[in-house]
Amino acid sequence: MSATSLAISSGSRSAYLKELWTHRILILSFALRDIKARYKQTVFGIGWAILQPLALMLIFTLVFSRFAKVPSDGVPYPVFAYTGLIFWNFFAMTISQGTLAISANAPLVRKIYFPRETLLLSIVLSAALDLGVATLLLGFLLTYYKVGVGLAVLWVPVLLVLQTLFAFGIICITSSVHVNFRDVGHAIPLVLQLGLLATPVGYPLSVVPPALLPIFLLNPMAAIVAGYRSAILSGTTPDLSGLGIAAAGSALLVAVGYLIFKSAERTFADVI
Amino acid sequence: MPDVTVRLEGISKRYRVQHGWYRSIRDASRDWFHRFWGPAGDSDVFWALRDITFDVERGDIVGLIGSNGAGKSTLLKILSRVTVPTRGTFFTRGRLGALIEIGAGFHPDLTGRENVYLNGALMGMGRREIDGKFDQIVAFAEVGRFIDTPVKHYSSGMQVRLGFSVAAHTDPDVLLIDEALAVGDAAFQARCLNRLAELKEQGRTIILVSHQMANVLHHSRKVLWLQGGQVRGYGDPESMVEQYLKSVREVHQQGSTSTAIGVERPVRIDHVTLVDRQGRSLPTFQHGGLVCIDIVFTILRPVIEPVFEVTFQDSHGYALGGLTSRLDKLKVDSRLERGTIRLTLDPILFLKGDYTINAHIRDRLIDRYYDVQKKAAILSVDGPSITSREVSGHVMYPHAWALVDCHERP
């Protein structure tokens with residue numbers, strides 16, 4: 001590699017992480033900025049974090065449960081769908097906003113140096129806040145439908161870590177590519193729409209024909225969403241084989257994605 | 001062995017000249033191709049910097065000078081790590097601070113307080129560090145009770161002051177400054193300069209880009225002169241600034257072509273000459289001496305009392321005032337066909353340097369322009385120079401210094 005700077009050529013992975021650590025407060029600052037900007041001059045404010053999945057839950061209940069008679073693993077359909085929707089929303093929001101994060105902050109990126117992944121991580125953080133708010137209604141629904149929550153709920157943090165890694169790995173790559181090719185920004189909403197249908201959010205994995213199941217589980221979000229349902233609604237340990245594949249895939253994706261991002265980062269200021 | 005805090009070795013930066021508004025797949029694939037199959041043979045590249053090598057020692061203040069497009073900003077961008085060099089290596093030791101784009105990190109919807117934290121974080125400060133300096137930062141910026149108001153309601157001056165204040169309190173080991181001193185009102189500027197002096201005393205290394213030669217001379221211990229992306233010289237401020245100004249003068253004189261505008265002008269400027277009392281044209285005029293600016297004109301159509309105007313500019317194009325013939329109630333008989341009007345400057349107050357003379361002919365009310373000749377002539381003056389630091393600006397007024405009231409210590 002011809003272009004090196006001593007300050008950067010020590011750019012081993014540990015140096016990246018060390019620099020990220022010194023800038024950790026930046027993640028929070030960006031996240032606060034995004035949250036404030038997102039909900040300013042709205043009447044419902046952060047309430048939108050609940051309204052969005054709630055509206056989708058109502059329409060899903062009508063279409064999937066009432067019209068199509070889709071089963072819901074013995075749990076009342078509304079709480080079944082809502083559980084899937086809030087975690088899917090967390091994923092979709094991270095992907096759609098994370099992909100645009102670098103180019104949306106073009107003036108900053110052009111003028112000031114800071115570890116660029118802080119922009120991506122702040123998106124994860126602000127999306128997590130919305131998830132946290134949406135969880136309040138989940139608590140209400142669980143009580144209302146008298147769904148008991150057992151010890152298996154302890155799997156939720158594990159699933160959250162897994163999901164976050166997966167999403168972060170994706171936006172490392174999509175945001176880098178988006179800086180050069182804005183086509184990505186147009187493709188993402190389409191892919192997310194397909195993803196919502198290809199992931200068992202509105203239906204259980206049990207309705208998927210067994211022959212197609214392996215293909216379904218190639219999508220890590222399928223195992224992850226199904227995992228949340230097992231942990232929260234059924235009180236059973238998630239299917240570990242599916243999660244194992246998802247975990248291995250996510251770990252690989254994060255490692256490769258982060259290195260791609262850090263290498264692409266060098267030219268962000270020139271091409272953005 | 002000297003304590004080097006900044007070192008650049010063979011730093012070069014290449015930019016691709018973009019033909020479209022986006023980088024096409026074709027461009028990208030060609031890049032990839034050339035990466036593996038030899039060098040790119042295309043000509044649409046531009047080298048903003050070529051082979052820049054220099055060291056800066058701890059506590060040095062280096063002024064970076066050069067005309068527009070010389071590569072000063074690109075060099076700062078590389079040092080501040082916003083962009084990476086195409087070739088070469090460099091390091092900066094210790095914490096780096098940059099007063100380059102003041103307030104670039106401001107978000108209009110956040111309050112002053114939130115923006116201080118966001119900008120402090122951007123500069124690499126931790127929360128506790130910002131907590132500790134918060135009061136100082138706010139006091140320095142003089143935003144007072146507006147600190148909890150969204151920044152979008154700030155005046156532009158307040159935004160700039162707050163931005164400067166955060167940046168100036170980051171305690172960097174190496175500080176990069178780009179013309180940042182030209183912000184705020186006079187009192188704030190004075191405080192910025194004092195802050196700079198403080199940082200200087202604390203032994204911080206500073207790299208300063210400025211077009212104001214007086215600032216460069218005042219603050220720098222060394223000057224790096226860039227031209228066309230290459231180092232023209234690196235050394236003591238006086239001789240570098242002197243050489244730089246000389247080169248600017250030369251370029252400036254080469255470009256001194258007269259361009260006339262105006263379509264239906266009733267009166268026209270033919271040419272402008274600079275002569276001494278005897279009518280000889282000289283290459284340079286002495287400060288304190290005399291110069292006659294002769295404007296030769298032709299009257300094409302009857303015109304009522306045209307007014308002649310001469311304006312002066314320094315070699316960077318800053319306006320230095322002007323004089324009109326109406327000031328001396330001089331009336332030009334419009335029945336003339338041709339004539340010469342003379343403006344005598346006696347004494348010449350300008351400091352050493354080259355000054356552009358623009359000649360205009362205007363209507364009786366000094367409302368409209370009949371004819372305009374930009375760069376009609378260049379007045380070269382020899383005399384006291386700003387490089388001596390004893391004078392500053394563009395003129396030296398007739399003056400006398402004296403101590404007029406003395407009280408001896410009892």
# chains A, B, ... in the order shown; residues from 1 in each chain; ligands from 1
$ residues_around --residues "Arg116 (chain A)" --least-positions-apart "3" --cutoff "9 Å" --atoms "only C-alpha atoms" --output "list of chain:residue names"
A:Ile102, A:Val109, A:Tyr113, A:Leu119, A:Leu120, A:Phe261, A:Lys262, A:Glu265
$ interface_residues --of "chain A" --to "chain B" --cutoff "8 Å" --atoms "only C-alpha atoms" --output "ChimeraX atom specification"
/A:2-7,22-23,25-26,29-30,33,36-37,107-114,180-181,266-270
$ write_last_selection --atoms "C-alpha atoms" --output "PDB file, in the first residue's frame"
ATOM      1  CA  SER A   2       1.584   3.240  -1.108  1.00  0.00           C
ATOM      2  CA  ALA A   3      -0.376   5.667   1.023  1.00  0.00           C
ATOM      3  CA  THR A   4       0.452   5.404   4.689  1.00  0.00           C
ATOM      4  CA  SER A   5       0.760   7.794   7.505  1.00  0.00           C
ATOM      5  CA  LEU A   6       2.600   6.779  10.605  1.00  0.00           C
ATOM      6  CA  ALA A   7      -0.324   7.950  12.644  1.00  0.00           C
ATOM      7  CA  THR A  22     -11.418   7.664  23.174  1.00  0.00           C
ATOM      8  CA  HIS A  23     -14.281   8.976  21.050  1.00  0.00           C
ATOM      9  CA  ILE A  25     -18.829  10.020  24.093  1.00  0.00           C
ATOM     10  CA  LEU A  26     -19.261  11.054  20.465  1.00  0.00           C
ATOM     11  CA  SER A  29     -23.680  12.928  21.383  1.00  0.00           C
ATOM     12  CA  PHE A  30     -24.581  11.942  17.834  1.00  0.00           C
ATOM     13  CA  ARG A  33     -28.597  14.874  18.238  1.00  0.00           C
ATOM     14  CA  LYS A  36     -33.778  15.394  19.050  1.00  0.00           C
ATOM     15  CA  ALA A  37     -33.791  16.123  15.343  1.00  0.00           C
ATOM     16  CA  PRO A 107     -20.284  18.475   5.893  1.00  0.00           C
ATOM     17  CA  LEU A 108     -18.775  16.976   9.034  1.00  0.00           C
ATOM     18  CA  VAL A 109     -16.975  14.190   7.229  1.00  0.00           C
ATOM     19  CA  ARG A 110     -15.455  16.629   4.763  1.00  0.00           C
ATOM     20  CA  LYS A 111     -14.149  18.946   7.437  1.00  0.00           C
ATOM     21  CA  ILE A 112     -13.382  17.142  10.661  1.00  0.00           C
ATOM     22  CA  TYR A 113     -11.636  13.897  11.431  1.00  0.00           C
ATOM     23  CA  PHE A 114     -13.212  11.481  13.896  1.00  0.00           C
ATOM     24  CA  ASN A 180     -19.722   6.140  -3.839  1.00  0.00           C
ATOM     25  CA  PHE A 181     -22.900   4.761  -5.294  1.00  0.00           C
ATOM     26  CA  ARG A 266      -9.842   6.874   4.096  1.00  0.00           C
ATOM     27  CA  THR A 267     -11.393   8.291   0.956  1.00  0.00           C
ATOM     28  CA  PHE A 268     -14.773   9.371   2.351  1.00  0.00           C
ATOM     29  CA  ALA A 269     -13.740  13.025   2.540  1.00  0.00           C
ATOM     30  CA  ASP A 270     -12.560  13.002  -1.082  1.00  0.00           C
TER      31      ASP A 270
END
$ atom_distance --atom1 "CA of Val45 (chain B)" --atom2 "CA of Ala104 (chain A)"
27.1 Å
$ select_by_dssp --residues "region 176-245 of chain A" --states "alpha helix (DSSP H)" --output "PDB file with C-alpha atoms, in the first residue's frame"
ATOM      1  CA  SER A 176     -19.322   2.693   2.583  1.00  0.00           C
ATOM      2  CA  VAL A 177     -20.758   1.728  -0.762  1.00  0.00           C
ATOM      3  CA  HIS A 178     -23.475   4.357  -0.530  1.00  0.00           C
ATOM      4  CA  VAL A 179     -20.844   7.118  -0.336  1.00  0.00           C
ATOM      5  CA  ASN A 180     -19.722   6.140  -3.839  1.00  0.00           C
ATOM      6  CA  ASP A 183     -28.051   3.546  -5.730  1.00  0.00           C
ATOM      7  CA  VAL A 184     -27.711   1.714  -2.438  1.00  0.00           C
ATOM      8  CA  GLY A 185     -29.891   4.280  -0.717  1.00  0.00           C
ATOM      9  CA  HIS A 186     -32.659   3.550  -3.207  1.00  0.00           C
ATOM     10  CA  ALA A 187     -32.298  -0.215  -3.018  1.00  0.00           C
ATOM     11  CA  ILE A 188     -32.394  -0.483   0.781  1.00  0.00           C
ATOM     12  CA  PRO A 189     -36.112   0.329   1.333  1.00  0.00           C
ATOM     13  CA  LEU A 190     -37.021  -2.263  -1.292  1.00  0.00           C
ATOM     14  CA  VAL A 191     -34.800  -4.904   0.271  1.00  0.00           C
ATOM     15  CA  LEU A 192     -36.237  -4.125   3.701  1.00  0.00           C
ATOM     16  CA  GLN A 193     -39.785  -4.549   2.401  1.00  0.00           C
ATOM     17  CA  LEU A 194     -38.885  -7.921   0.970  1.00  0.00           C
ATOM     18  CA  GLY A 195     -37.093  -8.740   4.207  1.00  0.00           C
ATOM     19  CA  LEU A 196     -40.170  -8.023   6.287  1.00  0.00           C
ATOM     20  CA  LEU A 197     -42.046 -10.663   4.295  1.00  0.00           C
ATOM     21  CA  ALA A 198     -39.165 -13.124   4.111  1.00  0.00           C
ATOM     22  CA  LEU A 213     -36.895 -23.984   5.919  1.00  0.00           C
ATOM     23  CA  PRO A 214     -33.101 -24.221   5.382  1.00  0.00           C
ATOM     24  CA  ILE A 215     -33.335 -21.449   2.790  1.00  0.00           C
ATOM     25  CA  PHE A 216     -35.383 -19.348   5.198  1.00  0.00           C
ATOM     26  CA  PRO A 220     -30.139 -14.584  10.198  1.00  0.00           C
ATOM     27  CA  MET A 221     -33.088 -12.357  11.077  1.00  0.00           C
ATOM     28  CA  ALA A 222     -35.417 -15.373  10.676  1.00  0.00           C
ATOM     29  CA  ALA A 223     -33.702 -17.280  13.447  1.00  0.00           C
ATOM     30  CA  ILE A 224     -33.338 -14.127  15.545  1.00  0.00           C
ATOM     31  CA  VAL A 225     -37.022 -13.084  15.334  1.00  0.00           C
ATOM     32  CA  ALA A 226     -38.132 -16.643  15.986  1.00  0.00           C
ATOM     33  CA  GLY A 227     -35.703 -16.663  18.914  1.00  0.00           C
ATOM     34  CA  TYR A 228     -37.286 -13.580  20.501  1.00  0.00           C
ATOM     35  CA  ARG A 229     -40.702 -15.247  20.298  1.00  0.00           C
ATOM     36  CA  LEU A 240     -29.816 -23.067  18.989  1.00  0.00           C
ATOM     37  CA  SER A 241     -28.822 -24.586  15.651  1.00  0.00           C
ATOM     38  CA  GLY A 242     -30.475 -21.764  13.734  1.00  0.00           C
ATOM     39  CA  LEU A 243     -29.017 -19.189  16.100  1.00  0.00           C
ATOM     40  CA  GLY A 244     -25.586 -20.771  15.855  1.00  0.00           C
ATOM     41  CA  ILE A 245     -25.563 -20.244  12.107  1.00  0.00           C
TER      42      ILE A 245
END
$ select_by_dssp --residues "region 111-234 of chain B" --states "strand (DSSP E)" --output "ChimeraX atom specification"
/B:174-178,205-209,222-227,230-234
$ write_last_selection --atoms "C-alpha atoms" --output "PDB file, in the first residue's frame"
ATOM      1  CA  VAL B 174      -0.365  20.364  17.894  1.00  0.00           C
ATOM      2  CA  LEU B 175      -2.814  23.040  16.789  1.00  0.00           C
ATOM      3  CA  LEU B 176      -3.787  23.657  13.165  1.00  0.00           C
ATOM      4  CA  ILE B 177      -5.316  27.040  12.385  1.00  0.00           C
ATOM      5  CA  ASP B 178      -6.784  28.140   9.066  1.00  0.00           C
ATOM      6  CA  THR B 205       3.192  23.449  18.318  1.00  0.00           C
ATOM      7  CA  ILE B 206       1.096  25.540  15.979  1.00  0.00           C
ATOM      8  CA  ILE B 207       0.666  25.441  12.219  1.00  0.00           C
ATOM      9  CA  LEU B 208      -1.080  28.550  10.973  1.00  0.00           C
ATOM     10  CA  VAL B 209      -2.461  29.264   7.517  1.00  0.00           C
ATOM     11  CA  LYS B 222       9.204  29.725  10.767  1.00  0.00           C
ATOM     12  CA  VAL B 223       7.370  30.020   7.487  1.00  0.00           C
ATOM     13  CA  LEU B 224       6.647  27.333   4.911  1.00  0.00           C
ATOM     14  CA  TRP B 225       5.976  28.738   1.481  1.00  0.00           C
ATOM     15  CA  LEU B 226       3.938  26.544  -0.863  1.00  0.00           C
ATOM     16  CA  GLN B 227       3.531  27.115  -4.545  1.00  0.00           C
ATOM     17  CA  GLN B 230       5.339  22.149  -3.790  1.00  0.00           C
ATOM     18  CA  VAL B 231       7.563  23.631  -1.113  1.00  0.00           C
ATOM     19  CA  ARG B 232       9.175  26.825  -2.395  1.00  0.00           C
ATOM     20  CA  GLY B 233      10.927  27.618   0.848  1.00  0.00           C
ATOM     21  CA  TYR B 234      11.028  26.889   4.571  1.00  0.00           C
TER      22      TYR B 234
END
$ closest_atom_pairs --of "region 153-243 of chain A" --to "region 61-80 of chain A" --cutoff "7 Å" --atoms "only C-alpha atoms" --output "JSON lines"
{"residue": "A:Gly202", "atom": "CA", "partner": "A:Phe64", "partner_atom": "CA", "distance": 6.9}
{"residue": "A:Tyr203", "atom": "CA", "partner": "A:Val70", "partner_atom": "CA", "distance": 6.4}
{"residue": "A:Pro204", "atom": "CA", "partner": "A:Ser72", "partner_atom": "CA", "distance": 6.0}
$ closest_residue --among "A:Phe90, A:Tyr145, A:Tyr82, A:Phe168" --to "Val201 (chain A)" --atoms "only C-alpha atoms"
A:Tyr82
$ closest_residue --among "B:Arg204, B:His316, B:Arg195, B:Arg113" --to "Gly94 (chain B)" --atoms "only C-alpha atoms"
B:Arg204
$ residues_around --residues "region 380-382 of chain B" --least-positions-apart "4" --cutoff "9 Å" --atoms "only C-alpha atoms" --output "PyMOL selection string"
chain B and resi 249+283-287+348+350-356
